[in-house]
Amino acid sequence: MERKSENIQRAIVQELNNIMVENDQVVVVNADIALLFKDGPDSISCPDRVLDVGIAEQNMIGFASGLAYSGKTVFTTTIAEMAVARVIEQIRLDGCYPDLNINMFGQGRGFAYGIGGNSHIITEDFAMLRGIPNIKIIIPADAREARKVMHEALSVNGTKYIAISRGNTPNVYEDDYEFHIGKAVTMRDGMDVTIIAVGDMVAPALDAVEILKEKGINARMINMHTLKPLDHEAVIKAAKETGAILTVETHNVLGGLGSAVSEVVCEECPIPMKKMGAPDQFSKVGPMNELIAHLGLDAEHIAAETEKLIQRK
């Protein structure tokens, strides 16, 4: 399905600009990506509150925690692999342990930097973070949802990992959409099966629902934009009402969305499940679209796997 698209990184800069003009307590700390904020027509109006620590991601979180202790609301941002894998101890002890209000953007997660190889690809970030107490993990599906996340983050205390893709992303929401941390969104209703997706897999999951509809299968589609705290109620309701759940994500099939949903299903309402995502191995190198196609994470394959799942009910 053809959709209009919007640059998700530019949307974040634009919304940060609006927030910082209105609130002089908001500070941005970034690790060597200051050009996103200081060049071009969308440059930040408050450059004195955009601080670049260079290629020193551990320092970025330590610096942010000091600002948060002083009462500032902090947004940090860098490439997702470096925002998590390189900084896990600082996230755990400097952010989550004191439960500080640090909002960490991980830009270009999954395969968005696929041509950069495994130093820039990350499909393990959710698994690395899920077990840390106090953290919130949020994965916007498009630029509009990313804007909503930023405003919600201002009103909800605590350390948050906000994982986004890169560049132009297809719009799946209208501007009047309401976002709340920890509250999943049922984007399509159905009673035959449920597809639960996050982030860059929401658009192909919606397309898969349309493919299934043409075959007489009415699939429910849920955007589980918050991985932690997970919306248990939405998962249990889907399990009881549709009898089968397929999850899809650009994350390792271990430790991410599929694992989180499985934990709830196993304890509360055991039903057939299928987890689609990245295999438990390091990624091949290449453009994001080619890597996603190679793994079969497109609408056609999602629909086909959903049909197979229904046969297990």
# chains A, B, ... in the order shown; residues from 1 in each chain; ligands from 1
$ residues_around --residues "stretch 213-218 of chain A" --least-positions-apart "2" --cutoff "10 Å" --atoms "only C-alpha atoms" --output "PyMOL selection string"
chain A and resi 188-194+207-211+220-221+242+303+306-307+310
$ residues_around --residues "A:Asp280" --least-positions-apart "3" --cutoff "10 Å" --atoms "only C-alpha atoms" --output "list of chain:residue names"
A:Thr123, A:Glu124, A:His251, A:Asn252, A:Val253, A:Leu254, A:Gly277, A:Ser283
$ closest_atom_pairs --of "stretch 83-170 of chain A" --to "stretch 257-274 of chain A" --cutoff "12 Å" --atoms "only C-alpha atoms" --output "tab-separated table"
residue	atom	partner	partner_atom	distance
A:Thr123	CA	A:Leu257	CA	11.5
A:Glu124	CA	A:Leu257	CA	11.0
A:Asp125	CA	A:Leu257	CA	11.2
A:Phe126	CA	A:Leu257	CA	8.0
A:Ala127	CA	A:Leu257	CA	9.0
A:Arg130	CA	A:Ala260	CA	8.9
A:Gly131	CA	A:Ala260	CA	10.9
A:Ile137	CA	A:Leu257	CA	10.7
A:Ile138	CA	A:Leu257	CA	11.2
A:Ile139	CA	A:Leu257	CA	10.6
$ residues_around --residues "A:Ile122" --least-positions-apart "6" --cutoff "8 Å" --atoms "only C-alpha atoms" --output "PDB file with C-alpha atoms, in the first residue's frame"
ATOM      1  CA  ALA A  80      21.070   3.295  18.311  1.00  0.00           C
ATOM      2  CA  GLU A  81      23.873   0.715  18.388  1.00  0.00           C
ATOM      3  CA  ARG A 109      17.909   1.012  15.099  1.00  0.00           C
ATOM      4  CA  GLY A 110      17.485  -2.359  13.459  1.00  0.00           C
ATOM      5  CA  PHE A 111      18.865  -2.392   9.914  1.00  0.00           C
ATOM      6  CA  HIS A 251      14.851  -7.293  16.468  1.00  0.00           C
TER       7      HIS A 251
END
$ atom_distance --atom1 "atom CA of A:Pro98" --atom2 "atom CA of A:Thr159"
9.2 Å
$ residues_around --residues "A:Ser165" --least-positions-apart "4" --cutoff "9 Å" --atoms "only C-alpha atoms" --output "short mmCIF file (atom, residue, chain, number, x, y, z; two decimals) with N, CA and C atoms, in the first residue's frame"
data_model
loop_
_atom_site.label_atom_id
_atom_site.label_comp_id
_atom_site.auth_asym_id
_atom_site.auth_seq_id
_atom_site.Cartn_x
_atom_site.Cartn_y
_atom_site.Cartn_z
N ILE A 8 11.74 10.97 9.87
CA ILE A 8 11.51 10.86 11.30
C ILE A 8 12.55 11.63 12.11
N GLN A 9 13.78 11.69 11.63
CA GLN A 9 14.80 12.44 12.36
C GLN A 9 14.52 13.95 12.29
N GLY A 106 17.55 6.45 20.35
CA GLY A 106 18.43 5.59 19.58
C GLY A 106 18.04 5.69 18.12
N GLN A 107 18.83 6.41 17.34
CA GLN A 107 18.47 6.67 15.95
C GLN A 107 18.97 5.56 15.04
N GLY A 108 18.15 5.16 14.10
CA GLY A 108 18.55 4.19 13.10
C GLY A 108 18.72 2.79 13.64
N ARG A 109 17.80 2.36 14.53
CA ARG A 109 17.91 1.01 15.10
C ARG A 109 17.56 -0.03 14.04
N GLY A 110 17.75 -1.29 14.41
CA GLY A 110 17.49 -2.36 13.46
C GLY A 110 18.50 -2.33 12.33
N PHE A 111 18.00 -2.33 11.10
CA PHE A 111 18.87 -2.39 9.91
C PHE A 111 19.00 -1.05 9.20
N ALA A 112 18.60 0.04 9.86
CA ALA A 112 18.59 1.35 9.20
C ALA A 112 19.97 1.79 8.74
N ILE A 139 8.91 2.53 20.98
CA ILE A 139 9.31 2.39 19.58
C ILE A 139 8.25 3.04 18.69
N PRO A 140 8.39 4.31 18.35
CA PRO A 140 7.40 4.96 17.49
C PRO A 140 7.37 4.33 16.10
N ALA A 141 6.17 4.28 15.52
CA ALA A 141 5.99 3.67 14.20
C ALA A 141 6.23 4.66 13.07
N ASP A 142 6.03 5.94 13.33
CA ASP A 142 6.24 6.94 12.28
C ASP A 142 6.58 8.28 12.92
N THR A 169 10.02 7.64 6.75
CA THR A 169 9.25 6.50 7.22
C THR A 169 7.79 6.69 6.80
N GLY A 199 7.40 -0.35 15.68
CA GLY A 199 8.32 0.45 14.88
C GLY A 199 8.14 0.30 13.39
N ASP A 200 9.25 0.00 12.69
CA ASP A 200 9.22 -0.05 11.24
C ASP A 200 8.47 -1.24 10.68
#
$ residues_around --residues "stretch 50-65 of chain A" --least-positions-apart "5" --cutoff "8 Å" --atoms "only C-alpha atoms" --output "NGL selection string"
:A and (27-34 or 37 or 74-76 or 78 or 82-83 or 86-87 or 90-91 or 94-95 or 100 or 102)
$ select_by_dssp --residues "stretch 55-220 of chain A" --states "strand (DSSP E or B)" --output "ChimeraX atom specification"
/A:73-79,102-107,110,122,136-138,160-163,168-170,185-188,193-197,219-220
$ closest_residue --among "A:Met276, A:Cys46, A:Ile181, A:Ala299" --to "A:Glu152" --atoms "only C-alpha atoms"
A:Ile181
$ closest_residue --among "A:Glu305, A:Asp175, A:Glu2, A:Asp48" --to "A:Ile245" --atoms "only C-alpha atoms"
A:Glu305
$ closest_residue --among "A:Ala244, A:Ile236, A:Met187, A:Ile121" --to "A:Gln281" --atoms "only C-alpha atoms"
A:Ile121
